[in-house]
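Colleague: Structure file run.txt (compact mmCIF, C-alpha atoms and all ligand atoms) is given on the next line.
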# COMPACT_ATOMS: atom_id res chain seq x y z
CA MET A 414 150.90 135.74 136.94
CA GLY A 415 149.62 133.41 139.61
CA VAL A 416 150.76 130.68 141.92
CA THR A 417 149.26 127.21 141.80
CA ARG A 418 150.17 123.84 143.26
CA SER A 419 152.96 125.53 145.21
CA THR A 420 155.17 125.98 142.10
CA LEU A 421 155.29 129.08 140.00
CA ALA A 422 152.87 129.18 137.06
CA GLU A 423 154.15 132.03 134.91
CA GLN A 424 152.30 133.81 132.11
CA GLN A 425 148.85 132.55 133.05
CA PRO A 426 145.90 134.82 132.26
CA GLN A 427 143.83 136.04 135.17
CA TRP A 428 140.65 134.05 134.65
CA PRO A 429 137.91 136.28 136.08
CA ASP A 430 135.35 133.48 136.55
CA PRO A 431 136.65 130.51 138.59
CA HIS A 432 133.45 128.52 138.10
CA ALA A 433 133.60 128.87 134.33
CA LEU A 434 137.26 127.80 134.46
CA ALA A 435 136.45 124.72 136.56
CA LYS A 436 133.69 123.73 134.18
CA VAL A 437 135.95 124.10 131.15
CA LYS A 438 138.65 122.00 132.80
CA GLU A 439 136.13 119.28 133.51
CA GLU A 440 134.77 119.34 129.97
CA LEU A 441 138.24 119.23 128.44
CA GLY A 442 139.11 116.35 130.73
CA ASN A 443 136.21 114.34 129.30
CA LEU A 444 136.98 115.06 125.65
CA PRO A 445 139.02 112.62 123.55
CA GLU A 446 142.75 113.14 123.08
CA LEU A 447 143.58 115.37 120.11
CA VAL A 448 146.62 113.40 118.99
CA THR A 449 147.41 109.73 119.52
CA GLU A 450 150.35 108.04 121.19
CA GLU A 451 151.13 106.30 117.92
CA GLU A 452 151.43 109.65 116.11
CA ILE A 453 153.62 111.12 118.84
CA GLU A 454 155.87 108.06 118.75
CA ALA A 455 156.19 108.40 114.96
CA LEU A 456 157.56 111.90 115.54
CA SER A 457 159.89 110.63 118.26
CA VAL A 458 161.32 108.12 115.78
CA ASN A 459 161.99 110.97 113.33
CA LEU A 460 163.60 113.09 116.03
CA ARG A 461 165.89 110.21 116.96
CA ALA A 462 167.12 110.37 113.38
CA VAL A 463 167.66 114.13 113.79
CA ALA A 464 169.63 113.53 117.01
CA ARG A 465 171.85 111.06 115.16
CA GLY A 466 172.56 113.52 112.37
CA GLU A 467 170.52 111.55 109.81
CA SER A 468 167.82 114.21 109.38
CA LEU A 469 167.46 117.96 109.71
CA LEU A 470 164.60 119.63 111.60
CA LEU A 471 162.38 122.44 110.42
CA HIS A 472 159.99 123.99 112.93
CA GLY A 473 157.79 126.79 111.63
CA GLY A 474 154.52 128.59 111.25
CA ASP A 475 152.59 131.47 112.75
CA CYS A 476 153.54 133.25 115.92
CA MET A 477 149.87 133.01 116.91
CA GLU A 478 147.56 130.88 114.79
CA PRO A 479 144.14 132.53 114.58
CA PHE A 480 141.04 130.35 115.03
CA THR A 481 139.98 131.42 111.52
CA ASP A 482 142.93 129.44 110.10
CA SER A 483 141.70 126.00 111.19
CA GLY A 484 139.97 124.92 107.97
CA LEU A 485 141.28 122.65 105.24
CA ASP A 486 142.27 125.42 102.82
CA ARG A 487 144.43 127.38 105.25
CA VAL A 488 146.05 124.29 106.78
CA THR A 489 146.79 122.85 103.32
CA LEU A 490 148.40 126.12 102.26
CA LYS A 491 150.61 126.23 105.35
CA VAL A 492 151.57 122.57 105.09
CA GLY A 493 152.47 123.21 101.45
CA GLN A 494 154.78 126.07 102.42
CA LEU A 495 156.52 124.01 105.12
CA SER A 496 156.94 121.09 102.71
CA ASP A 497 158.44 123.40 100.08
CA LEU A 498 160.86 124.82 102.64
CA SER A 499 161.85 121.31 103.70
CA THR A 500 162.52 120.44 100.04
CA LEU A 501 164.83 123.46 99.83
CA MET A 502 166.57 122.35 103.00
CA ARG A 503 167.06 118.84 101.68
CA ALA A 504 168.29 120.00 98.29
CA GLY A 505 170.68 122.60 99.73
CA SER A 506 172.16 120.39 102.42
CA GLY A 507 172.28 117.07 100.64
CA MET A 508 170.71 115.51 103.75
CA PRO A 509 168.29 112.72 102.87
CA ARG A 510 165.57 113.78 105.30
CA VAL A 511 164.01 116.78 106.98
CA THR A 512 161.61 116.35 109.88
CA VAL A 513 158.92 119.03 109.78
CA ILE A 514 156.96 120.31 112.77
CA GLY A 515 154.41 123.08 112.23
CA ARG A 516 153.47 125.79 114.68
CA ILE A 517 149.98 124.68 113.78
CA ALA A 518 146.76 123.03 114.99
CA GLY A 519 146.78 124.64 118.43
CA GLN A 520 149.30 127.52 118.52
CA HIS A 521 146.58 129.70 120.02
CA ALA A 522 148.12 131.18 123.18
CA LYS A 523 150.93 133.68 123.72
CA PRO A 524 153.20 134.73 126.55
CA ARG A 525 153.48 138.52 126.74
CA SER A 526 156.06 140.90 128.15
CA GLN A 527 153.37 143.29 129.45
CA GLU A 528 150.16 142.37 131.28
CA TYR A 529 148.29 145.41 129.96
CA ASP A 530 148.12 147.73 127.05
CA TRP A 531 146.09 150.85 126.22
CA SER A 532 142.99 151.16 124.06
CA PRO A 533 142.71 154.03 121.55
CA ASP A 534 140.64 156.02 124.06
CA GLY A 535 143.35 155.69 126.69
CA THR A 536 141.82 153.05 128.97
CA ARG A 537 144.02 150.31 130.30
CA MET A 538 143.05 146.80 129.21
CA PRO A 539 144.47 143.29 129.50
CA VAL A 540 146.93 142.47 126.72
CA TYR A 541 145.89 140.11 123.91
CA ARG A 542 147.11 136.60 124.81
CA GLY A 543 145.96 134.65 121.76
CA ASP A 544 142.63 133.36 120.53
CA ALA A 545 142.57 130.65 123.23
CA VAL A 546 142.33 133.38 125.87
CA ASN A 547 140.79 136.62 124.57
CA ARG A 548 140.24 138.72 121.46
CA PRO A 549 142.69 141.11 119.81
CA THR A 550 140.04 143.84 119.45
CA PRO A 551 141.08 146.80 121.62
CA ASP A 552 138.00 146.69 123.82
CA ARG A 553 138.31 146.13 127.54
CA ARG A 554 135.45 143.61 127.73
CA LEU A 555 136.75 141.52 124.81
CA ARG A 556 140.18 141.46 126.40
CA GLU A 557 138.92 139.70 129.55
CA ALA A 558 140.23 136.13 129.67
CA ASP A 559 137.36 133.81 128.73
CA ALA A 560 137.90 130.18 129.80
CA GLY A 561 135.31 129.05 127.23
CA ARG A 562 137.85 129.99 124.55
CA MET A 563 140.02 127.02 125.64
CA LEU A 564 137.17 124.75 124.52
CA GLU A 565 137.12 126.67 121.24
CA SER A 566 140.86 126.14 121.00
CA TYR A 567 140.30 122.40 121.39
CA ARG A 568 137.66 122.39 118.62
CA HIS A 569 139.79 124.44 116.25
CA SER A 570 142.80 122.24 116.95
CA ALA A 571 140.72 119.14 116.16
CA LEU A 572 139.59 120.70 112.88
CA ALA A 573 143.12 121.70 111.88
CA LEU A 574 144.47 118.28 112.87
CA SER A 575 141.99 116.53 110.62
CA ALA A 576 143.23 118.72 107.76
CA LEU A 577 146.83 117.94 108.73
CA ARG A 578 146.09 114.21 108.72
CA GLN A 579 144.60 114.51 105.23
CA SER A 580 147.95 115.88 104.09
CA TRP A 581 149.60 112.71 105.42
CA SER A 582 147.65 110.27 103.31
CA GLY A 583 149.79 108.15 101.05
CA LYS A 584 153.03 109.51 102.54
CA PRO A 585 155.61 107.66 104.64
CA LYS A 586 155.63 108.62 108.33
CA HIS A 587 158.87 110.56 108.00
CA ASP A 588 157.24 112.88 105.44
CA ARG A 589 154.43 114.01 107.72
CA VAL A 590 154.12 117.56 108.96
CA PHE A 591 153.53 117.23 112.72
CA ALA A 592 151.68 119.64 115.04
CA SER A 593 153.16 121.73 117.85
CA HIS A 594 152.45 124.68 120.09
CA GLU A 595 153.89 126.35 123.16
CA LEU A 596 152.76 124.43 126.26
CA LEU A 597 151.56 127.59 127.93
CA LEU A 598 148.02 127.37 129.29
CA LEU A 599 148.34 124.97 132.17
CA PRO A 600 144.62 124.30 132.75
CA TYR A 601 144.32 123.29 129.09
CA GLU A 602 147.46 121.16 128.97
CA ARG A 603 146.74 119.43 132.26
CA ALA A 604 143.19 118.57 131.19
CA LEU A 605 144.59 116.87 128.07
CA PHE A 606 147.35 115.04 129.94
CA ARG A 607 146.58 111.32 129.45
CA LYS A 608 148.14 107.98 130.31
CA GLY A 609 149.29 105.92 127.35
CA GLU A 610 151.04 102.56 126.86
CA ARG A 611 154.59 103.81 127.18
CA GLY A 612 154.01 106.70 129.56
CA SER A 613 151.87 109.81 129.98
CA TYR A 614 151.41 112.32 127.19
CA ALA A 615 150.34 115.84 126.44
CA THR A 616 147.65 114.89 123.93
CA SER A 617 147.09 118.45 122.71
CA ALA A 618 149.95 118.22 120.16
CA HIS A 619 152.72 115.91 118.97
CA PHE A 620 155.46 118.29 120.09
CA GLY A 621 155.29 121.04 122.68
CA TRP A 622 157.77 123.67 123.75
CA VAL A 623 158.46 125.74 126.81
CA GLY A 624 158.95 129.43 126.07
CA GLU A 625 161.74 131.75 127.12
CA ARG A 626 159.47 133.34 129.72
CA THR A 627 158.27 130.13 131.36
CA ARG A 628 161.38 127.98 131.53
CA SER A 629 162.34 128.58 135.17
CA LEU A 630 163.66 125.32 136.53
CA ASP A 631 161.18 124.85 139.33
CA GLY A 632 158.25 126.39 137.48
CA SER A 633 155.05 124.58 136.55
CA HIS A 634 155.77 124.52 132.83
CA MET A 635 159.01 122.64 133.41
CA ASP A 636 157.32 120.21 135.79
CA PHE A 637 154.56 119.55 133.30
CA SER A 638 156.97 119.05 130.42
CA ALA A 639 159.15 116.73 132.47
CA SER A 640 156.08 114.60 133.19
CA VAL A 641 155.15 113.86 129.57
CA HIS A 642 156.61 111.41 127.10
CA ASN A 643 156.23 113.70 124.06
CA PRO A 644 159.31 115.19 122.47
CA ILE A 645 159.80 118.63 124.04
CA GLY A 646 161.50 121.85 123.03
CA VAL A 647 162.81 124.70 125.17
CA LYS A 648 163.48 128.25 123.99
CA LEU A 649 166.75 129.69 125.26
CA GLY A 650 167.40 133.42 125.39
CA TYR A 651 170.79 134.98 126.14
CA GLY A 652 170.11 135.10 129.89
CA VAL A 653 170.44 131.36 130.49
CA THR A 654 173.64 130.26 132.22
CA PRO A 655 175.56 127.07 131.46
CA ALA A 656 174.85 125.68 134.95
CA GLU A 657 171.16 126.43 134.67
CA LEU A 658 171.03 124.79 131.25
CA VAL A 659 172.72 121.64 132.49
CA SER A 660 170.08 121.35 135.25
CA LEU A 661 167.41 121.96 132.66
CA VAL A 662 168.56 119.23 130.28
CA GLU A 663 168.95 116.81 133.16
CA LYS A 664 165.46 117.59 134.38
CA LEU A 665 163.83 117.22 130.96
CA ASN A 666 165.86 114.27 129.71
CA PRO A 667 166.91 112.24 132.75
CA GLU A 668 166.76 109.00 130.76
CA ARG A 669 169.05 110.50 128.14
CA LEU A 670 166.83 109.60 125.21
CA GLU A 671 167.94 110.70 121.76
CA GLY A 672 165.39 113.05 120.19
CA ARG A 673 163.51 113.69 123.43
CA LEU A 674 164.78 117.24 123.91
CA THR A 675 165.27 120.05 121.40
CA LEU A 676 167.07 123.21 122.50
CA ILE A 677 165.92 126.23 120.52
CA SER A 678 168.54 128.99 120.65
CA ARG A 679 167.03 132.51 120.28
CA MET A 680 169.84 134.72 121.43
CA GLY A 681 169.71 137.61 118.98
CA VAL A 682 172.40 138.42 116.46
CA ARG A 683 174.29 140.62 118.91
CA ASN A 684 174.49 138.05 121.69
CA ILE A 685 174.74 134.65 120.10
CA GLU A 686 178.51 134.49 119.65
CA LEU A 687 179.04 135.71 123.22
CA VAL A 688 176.65 133.35 124.94
CA LEU A 689 176.11 130.20 122.90
CA PRO A 690 179.63 128.66 122.88
CA ASP A 691 179.67 128.06 126.66
CA LEU A 692 176.14 126.67 126.57
CA VAL A 693 176.95 124.21 123.80
CA ARG A 694 180.06 123.06 125.62
CA ALA A 695 178.25 122.65 128.94
CA VAL A 696 175.50 120.54 127.42
CA ARG A 697 177.96 118.41 125.48
CA GLU A 698 179.98 117.78 128.64
CA SER A 699 176.82 116.83 130.54
CA GLY A 700 176.40 113.87 128.20
CA VAL A 701 172.66 114.51 127.86
CA PRO A 702 171.70 114.12 124.21
CA VAL A 703 169.89 117.12 122.72
CA ILE A 704 168.97 118.48 119.32
CA TRP A 705 170.15 122.08 118.79
CA ILE A 706 168.16 124.30 116.45
CA CYS A 707 168.18 128.04 115.87
CA ASP A 708 165.24 130.42 116.19
CA PRO A 709 166.79 133.49 114.56
CA MET A 710 163.55 135.48 114.93
CA HIS A 711 162.77 136.17 118.58
CA GLY A 712 166.05 137.77 119.57
CA ASN A 713 165.92 140.20 116.63
CA THR A 714 162.58 141.96 117.02
CA TYR A 715 162.52 145.76 116.99
CA ARG A 716 160.06 148.61 116.34
CA SER A 717 160.20 150.39 113.00
CA THR A 718 160.18 154.18 113.14
CA SER A 719 156.48 153.98 112.26
CA GLY A 720 155.88 151.71 115.25
CA GLU A 721 155.47 148.24 113.71
CA LYS A 722 157.11 145.27 115.38
CA THR A 723 159.50 143.93 112.76
CA ARG A 724 162.66 141.90 112.08
CA SER A 725 165.16 142.21 109.26
CA VAL A 726 166.16 139.32 107.01
CA PRO A 727 169.91 140.15 107.24
CA ASP A 728 169.78 139.98 111.07
CA ILE A 729 167.92 136.68 110.84
CA GLN A 730 170.39 135.22 108.35
CA GLU A 731 173.35 136.44 110.34
CA GLU A 732 172.12 134.88 113.56
CA ALA A 733 171.52 131.59 111.74
CA ASP A 734 175.09 131.82 110.29
CA SER A 735 176.55 132.42 113.72
CA PHE A 736 174.57 129.50 115.05
CA VAL A 737 176.10 127.12 112.51
CA ARG A 738 179.58 128.47 113.21
CA VAL A 739 179.27 128.20 116.99
CA LEU A 740 177.83 124.70 116.91
CA ARG A 741 180.47 123.44 114.48
CA ALA A 742 183.24 124.99 116.58
CA GLY A 743 181.79 123.17 119.58
CA GLY A 744 181.82 119.88 117.71
CA VAL A 745 178.03 119.68 117.63
CA GLN A 746 175.65 119.24 114.72
CA PRO A 747 173.44 122.28 113.94
CA ALA A 748 170.16 120.47 113.33
CA GLY A 749 167.83 123.07 111.87
CA LEU A 750 165.66 126.12 112.21
CA SER A 751 162.59 127.38 114.04
CA LEU A 752 160.91 130.16 112.03
CA GLU A 753 157.81 132.31 112.07
CA VAL A 754 156.55 132.11 108.50
CA THR A 755 153.35 132.55 106.52
CA PRO A 756 152.33 131.54 103.00
CA ASP A 757 150.62 134.94 102.65
CA GLN A 758 152.17 138.00 100.94
CA VAL A 759 152.46 140.05 104.11
CA THR A 760 154.79 142.95 104.95
CA GLU A 761 155.89 142.15 108.49
CA CYS A 762 159.61 141.30 108.34
CA VAL A 763 161.79 143.54 106.16
CA TRP A 764 164.54 142.86 103.58
CA SER A 765 166.63 145.59 105.17
CA SER A 766 166.13 147.75 108.22
CA GLY A 767 164.76 151.22 107.64
CA GLN A 768 161.64 150.10 105.77
CA GLU A 769 158.86 152.55 106.60
CA ARG A 770 155.83 151.03 104.96
CA PHE A 771 153.97 147.94 106.10
CA PRO A 772 150.85 147.90 103.91
CA ARG A 773 149.99 144.24 104.53
CA TYR A 774 150.85 143.82 108.20
CA GLN A 775 148.49 141.06 109.31
CA SER A 776 150.04 139.36 112.32
CA ALA A 777 148.25 139.96 115.60
CA CYS A 778 151.50 139.08 117.34
CA ASP A 779 155.06 138.74 116.00
CA PRO A 780 156.20 139.58 112.44
CA ARG A 781 156.47 136.58 110.11
CA LEU A 782 158.65 135.89 107.07
CA ASP A 783 156.73 136.02 103.79
CA PRO A 784 157.30 133.09 101.38
CA GLN A 785 160.28 134.66 99.58
CA GLN A 786 161.93 135.76 102.81
CA ALA A 787 161.42 132.32 104.34
CA ALA A 788 163.00 130.65 101.32
CA ALA A 789 165.95 133.07 101.46
CA VAL A 790 166.56 132.31 105.16
CA VAL A 791 166.34 128.55 104.66
CA GLU A 792 168.65 128.69 101.64
CA ALA A 793 171.26 130.78 103.42
CA PHE A 794 171.19 128.42 106.41
CA THR A 795 171.50 125.26 104.34
CA GLU A 796 174.32 126.65 102.21
CA ASN A 797 176.33 126.97 105.39
CA LEU A 798 175.78 123.43 106.55
C1 LIG B 1 157.28 132.44 120.25
O1 LIG B 1 157.84 131.43 119.84
O2 LIG B 1 156.35 132.99 119.64
C2 LIG B 1 157.78 133.06 121.49
C3 LIG B 1 157.02 133.85 122.23
O3 LIG B 1 159.06 132.75 121.72
P1 LIG B 1 160.00 133.01 122.99
O4 LIG B 1 159.43 132.21 124.10
O5 LIG B 1 161.31 132.48 122.47
O6 LIG B 1 160.03 134.48 123.23
MN MN B 2 156.53 134.79 118.27
Could you quickly redo this structure as structure tokens?

Modeller:
Amino acid sequence: MGVTRSTLAEQQPQWPDPHALAKVKEELGNLPELVTEEEIEALSVNLRAVARGESLLLHGGDCMEPFTDSGLDRVTLKVGQLSDLSTLMRAGSGMPRVTVIGRIAGQHAKPRSQEYDWSPDGTRMPVYRGDAVNRPTPDRRLREADAGRMLESYRHSALALSALRQSWSGKPKHDRVFASHELLLLPYERALFRKGERGSYATSAHFGWVGERTRSLDGSHMDFSASVHNPIGVKLGYGVTPAELVSLVEKLNPERLEGRLTLISRMGVRNIELVLPDLVRAVRESGVPVIWICDPMHGNTYRSTSGEKTRSVPDIQEEADSFVRVLRAGGVQPAGLSLEVTPDQVTECVWSSGQERFPRYQSACDPRLDPQQAAAVVEAFTENL
């Protein structure tokens, strides 16, 4: 953690080489925008439809997208999975449209609960923070934050975005899969902050979100997000209070624009019914329009007895059920889901807790739903709508 510009900048890596960092910032500042204002505005139009109850929203993809997934084949596969899930959502709900935003084309950096972990030989090393920062290999040197990797992140994002745009060809704008990532690395995001026609934008992605660990009201991530015209999301864990949330929505959506702000509830199955009702009521009474979606993943992570980080499908489905119930009881439209999913046949999340074997655990970060699990979660959610 560090302090910059007099506000708190949480979850920033310690960059060991300030000159390298300055050079990277300058280079990024001179590179073209990754996404255009026109594309971002197309997403904003879709999100206005979500806010009005005319479309659902599906947000999904990897927890951490590895650089090796930036090519056409991988992006096409992931876009295909998200499109299939959106078809299930449409069919199950009878809603005419589903707006789809991938955790894709730049989801390269992660907030972490611990600053350090231990290598197999017992030496302490910086924790892996995503390909934009360091390498997952448990080697102290490779775990040093390398500012040059933010330039690599830019290049990989550009590659993945060109694949994403290929998937758009011949489709109406409301059938596009858009790109998003957590707005985490402030040097990167600030270097790609650009003035447009209608306002200033984060040009690293169409949609960006603020994570549970970086959403403090006077923190730098909030200030940055408030300063851009992109649609923004905020993750909300069970610790947020109604008063704090009202300040948050007023800060991020002072003009009260429909579709501007998406609240992503990630309370955990044990807390959601206790915490969410008061939050929903407080936001509704504030009069600030928001989209409410459920991330039923991040509040339900646990370690298996063999040590893997996992999540069970029944917990995930139950949290999504509770979400729908709470929102409906509060007179508010449950608008969709935010999921960690992969088109690969991995064993990361489990069908029931107690699973001991994880032969194809591939995530370098959080456990993802495999294709069948993802379909089951989406189907259960839409049946309830
Ligand atoms: C994530 O979305 O991968 C994440 C870290 O979420 P949260 O900020 O909700 O913990
Ligand atoms: Mn995650």

Colleague: Using only C-alpha atoms and all ligand atoms, what are the residues with an atom within 12 Å of ligand MN 2 (chain B), set out as number ranges by chain?

Modeller: A: 473-478, 516, 520-526, 542-543, 594-595, 624-626, 648, 679, 708-714, 722-724, 751-754, 776-782

Colleague: Please report the interatomic distance between atom CA of Gly535 of chain A and atom CA of Glu423 of chain A in Å with one decimal.

Modeller: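 If I compute the distance from atom CA of Gly535 of chain A to atom CA of Glu423 of chain A, I get 27.3 Å.
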
Colleague: At what distance in Å, to one decimal, does atom CA of Ala422 of chain A lie from atom CA of Ser633 of chain A?

Modeller: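 For atom CA of Ser633 of chain A relative to atom CA of Ala422 of chain A, the distance reads 5.1 Å.
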
Colleague: In terms of the shortest atom-to-atom distance over all atoms listed in the file, which of A:Glu732, A:Asp631, A:Glu721, A:Glu671 is closest to Glu657 of chain A?

Modeller: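 So, comparing all the options, the nearest one is A:Asp631.
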
Colleague: Please write out, as JSON, where the centre of an axis-aligned box around all listed atoms of segment 746-754 of chain A lies and how long its edges are, in Å to one decimal, after adding 8 Å on each side.

Modeller:
{"center_x": 166.1, "center_y": 125.8, "center_z": 111.6, "size_x": 35.1, "size_y": 29.1, "size_z": 22.2}

Colleague: In file coordinates, which residues lie within 10 Å of (167.8, 123.7, 106.5) using only C-alpha atoms, given as an MDAnalysis selection string?

Modeller: chainID A and resid 468:471 498:508 511 706 747:751 788 790:798

Colleague: I'd like to know which of A:Tyr715, A:Trp705, A:Trp622, A:Phe771 is closest to ligand LIG 1 (chain B), using only C-alpha atoms and all ligand atoms.

Modeller: A:Trp622

Colleague: If we draw a sphere of 10 Å around (142.0, 119.6, 113.9), which residues have at least one atom in it when counting all atoms listed in the file? Please report them as a PyMOL selection string.

Modeller: chain A and resi 447-448+483-485+488+517-519+566-578+592

Colleague: Can you write just those residues out, C-alpha atoms, as a PDB file, in the frame of the given file?

Modeller:
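Written output follows (selection26.pdb):
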ATOM      1  CA  LEU A 447     143.580 115.370 120.110  1.00  0.00           C
ATOM      2  CA  VAL A 448     146.620 113.400 118.990  1.00  0.00           C
ATOM      3  CA  SER A 483     141.700 126.000 111.190  1.00  0.00           C
ATOM      4  CA  GLY A 484     139.970 124.920 107.970  1.00  0.00           C
ATOM      5  CA  LEU A 485     141.280 122.650 105.240  1.00  0.00           C
ATOM      6  CA  VAL A 488     146.050 124.290 106.780  1.00  0.00           C
ATOM      7  CA  ILE A 517     149.980 124.680 113.780  1.00  0.00           C
ATOM      8  CA  ALA A 518     146.760 123.030 114.990  1.00  0.00           C
ATOM      9  CA  GLY A 519     146.780 124.640 118.430  1.00  0.00           C
ATOM     10  CA  SER A 566     140.860 126.140 121.000  1.00  0.00           C
ATOM     11  CA  TYR A 567     140.300 122.400 121.390  1.00  0.00           C
ATOM     12  CA  ARG A 568     137.660 122.390 118.620  1.00  0.00           C
ATOM     13  CA  HIS A 569     139.790 124.440 116.250  1.00  0.00           C
ATOM     14  CA  SER A 570     142.800 122.240 116.950  1.00  0.00           C
ATOM     15  CA  ALA A 571     140.720 119.140 116.160  1.00  0.00           C
ATOM     16  CA  LEU A 572     139.590 120.700 112.880  1.00  0.00           C
ATOM     17  CA  ALA A 573     143.120 121.700 111.880  1.00  0.00           C
ATOM     18  CA  LEU A 574     144.470 118.280 112.870  1.00  0.00           C
ATOM     19  CA  SER A 575     141.990 116.530 110.620  1.00  0.00           C
ATOM     20  CA  ALA A 576     143.230 118.720 107.760  1.00  0.00           C
ATOM     21  CA  LEU A 577     146.830 117.940 108.730  1.00  0.00           C
ATOM     22  CA  ARG A 578     146.090 114.210 108.720  1.00  0.00           C
ATOM     23  CA  ALA A 592     151.680 119.640 115.040  1.00  0.00           C
TER      24      ALA A 592
END

Colleague: What lies within 10 Å of Leu555 of chain A using all atoms listed in the file, ignoring chain neighbours under 4 positions off, as a list in words?

Modeller: Met538, Pro539, Tyr541, Val546, Asn547, Arg548, Pro549, Thr550, Pro551 and Asp559 of chain A

Colleague: Just how far from atom CA of Ile514 of chain A is atom CA of His472 of chain A, in Å to one decimal?

Modeller: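 Separation between atom CA of His472 of chain A and atom CA of Ile514 of chain A: 4.8 Å.
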
Colleague: So which one's closest to Leu661 of chain A, A:Ile677, A:Ala639, A:Leu444, A:Val682? Using all atoms listed in the file, please.

Modeller: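 When distances to Leu661 of chain A are compared using all atoms listed in the file, the smallest one comes from A:Ala639.
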
Colleague: Choose the residue, out of A:Ser678, A:Asn666, A:Thr489, A:Ser640, that has the smallest atom-to-atom separation from ligand LIG 1 (chain B); count only C-alpha atoms and all ligand atoms.

Modeller: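 Once distances to ligand LIG 1 (chain B) are computed over only C-alpha atoms and all ligand atoms, the minimum belongs to A:Ser678.
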
Colleague: Using all atoms listed in the file, find the one residue out of A:Gly466, A:Pro429, A:Gly442, A:Gly652 that sits nearest to ligand LIG 1 (chain B).

Modeller: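 So, comparing all the options, the nearest one is A:Gly652.
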
Colleague: I'd like to know which of A:Ser582, A:Thr449, A:Thr627, A:Thr512 is closest to ligand LIG 1 (chain B), using only C-alpha atoms and all ligand atoms.

Modeller: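 Among the listed residues, the smallest separation from ligand LIG 1 (chain B) belongs to A:Thr627.
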
Colleague: Tell me, as a ChimeraX atom specification, which residues lie within 9 Å of segment 586-591 of chain A, counting all atoms listed in the file; anything in the same chain fewer than 5 positions away does not count.

Modeller: /A:452-453,455-456,458-459,492,495-496,510-517,577-578,580-581,618-620

Colleague: For the residues in the current selection, export C-alpha atoms as an mmCIF file, in the frame of the given file.

Modeller:
data_model
loop_
_atom_site.group_PDB
_atom_site.id
_atom_site.type_symbol
_atom_site.label_atom_id
_atom_site.label_comp_id
_atom_site.auth_asym_id
_atom_site.auth_seq_id
_atom_site.Cartn_x
_atom_site.Cartn_y
_atom_site.Cartn_z
ATOM 1 C CA GLU A 452 151.430 109.650 116.110
ATOM 2 C CA ILE A 453 153.620 111.120 118.840
ATOM 3 C CA ALA A 455 156.190 108.400 114.960
ATOM 4 C CA LEU A 456 157.560 111.900 115.540
ATOM 5 C CA VAL A 458 161.320 108.120 115.780
ATOM 6 C CA ASN A 459 161.990 110.970 113.330
ATOM 7 C CA VAL A 492 151.570 122.570 105.090
ATOM 8 C CA LEU A 495 156.520 124.010 105.120
ATOM 9 C CA SER A 496 156.940 121.090 102.710
ATOM 10 C CA ARG A 510 165.570 113.780 105.300
ATOM 11 C CA VAL A 511 164.010 116.780 106.980
ATOM 12 C CA THR A 512 161.610 116.350 109.880
ATOM 13 C CA VAL A 513 158.920 119.030 109.780
ATOM 14 C CA ILE A 514 156.960 120.310 112.770
ATOM 15 C CA GLY A 515 154.410 123.080 112.230
ATOM 16 C CA ARG A 516 153.470 125.790 114.680
ATOM 17 C CA ILE A 517 149.980 124.680 113.780
ATOM 18 C CA LEU A 577 146.830 117.940 108.730
ATOM 19 C CA ARG A 578 146.090 114.210 108.720
ATOM 20 C CA SER A 580 147.950 115.880 104.090
ATOM 21 C CA TRP A 581 149.600 112.710 105.420
ATOM 22 C CA ALA A 618 149.950 118.220 120.160
ATOM 23 C CA HIS A 619 152.720 115.910 118.970
ATOM 24 C CA PHE A 620 155.460 118.290 120.090
#
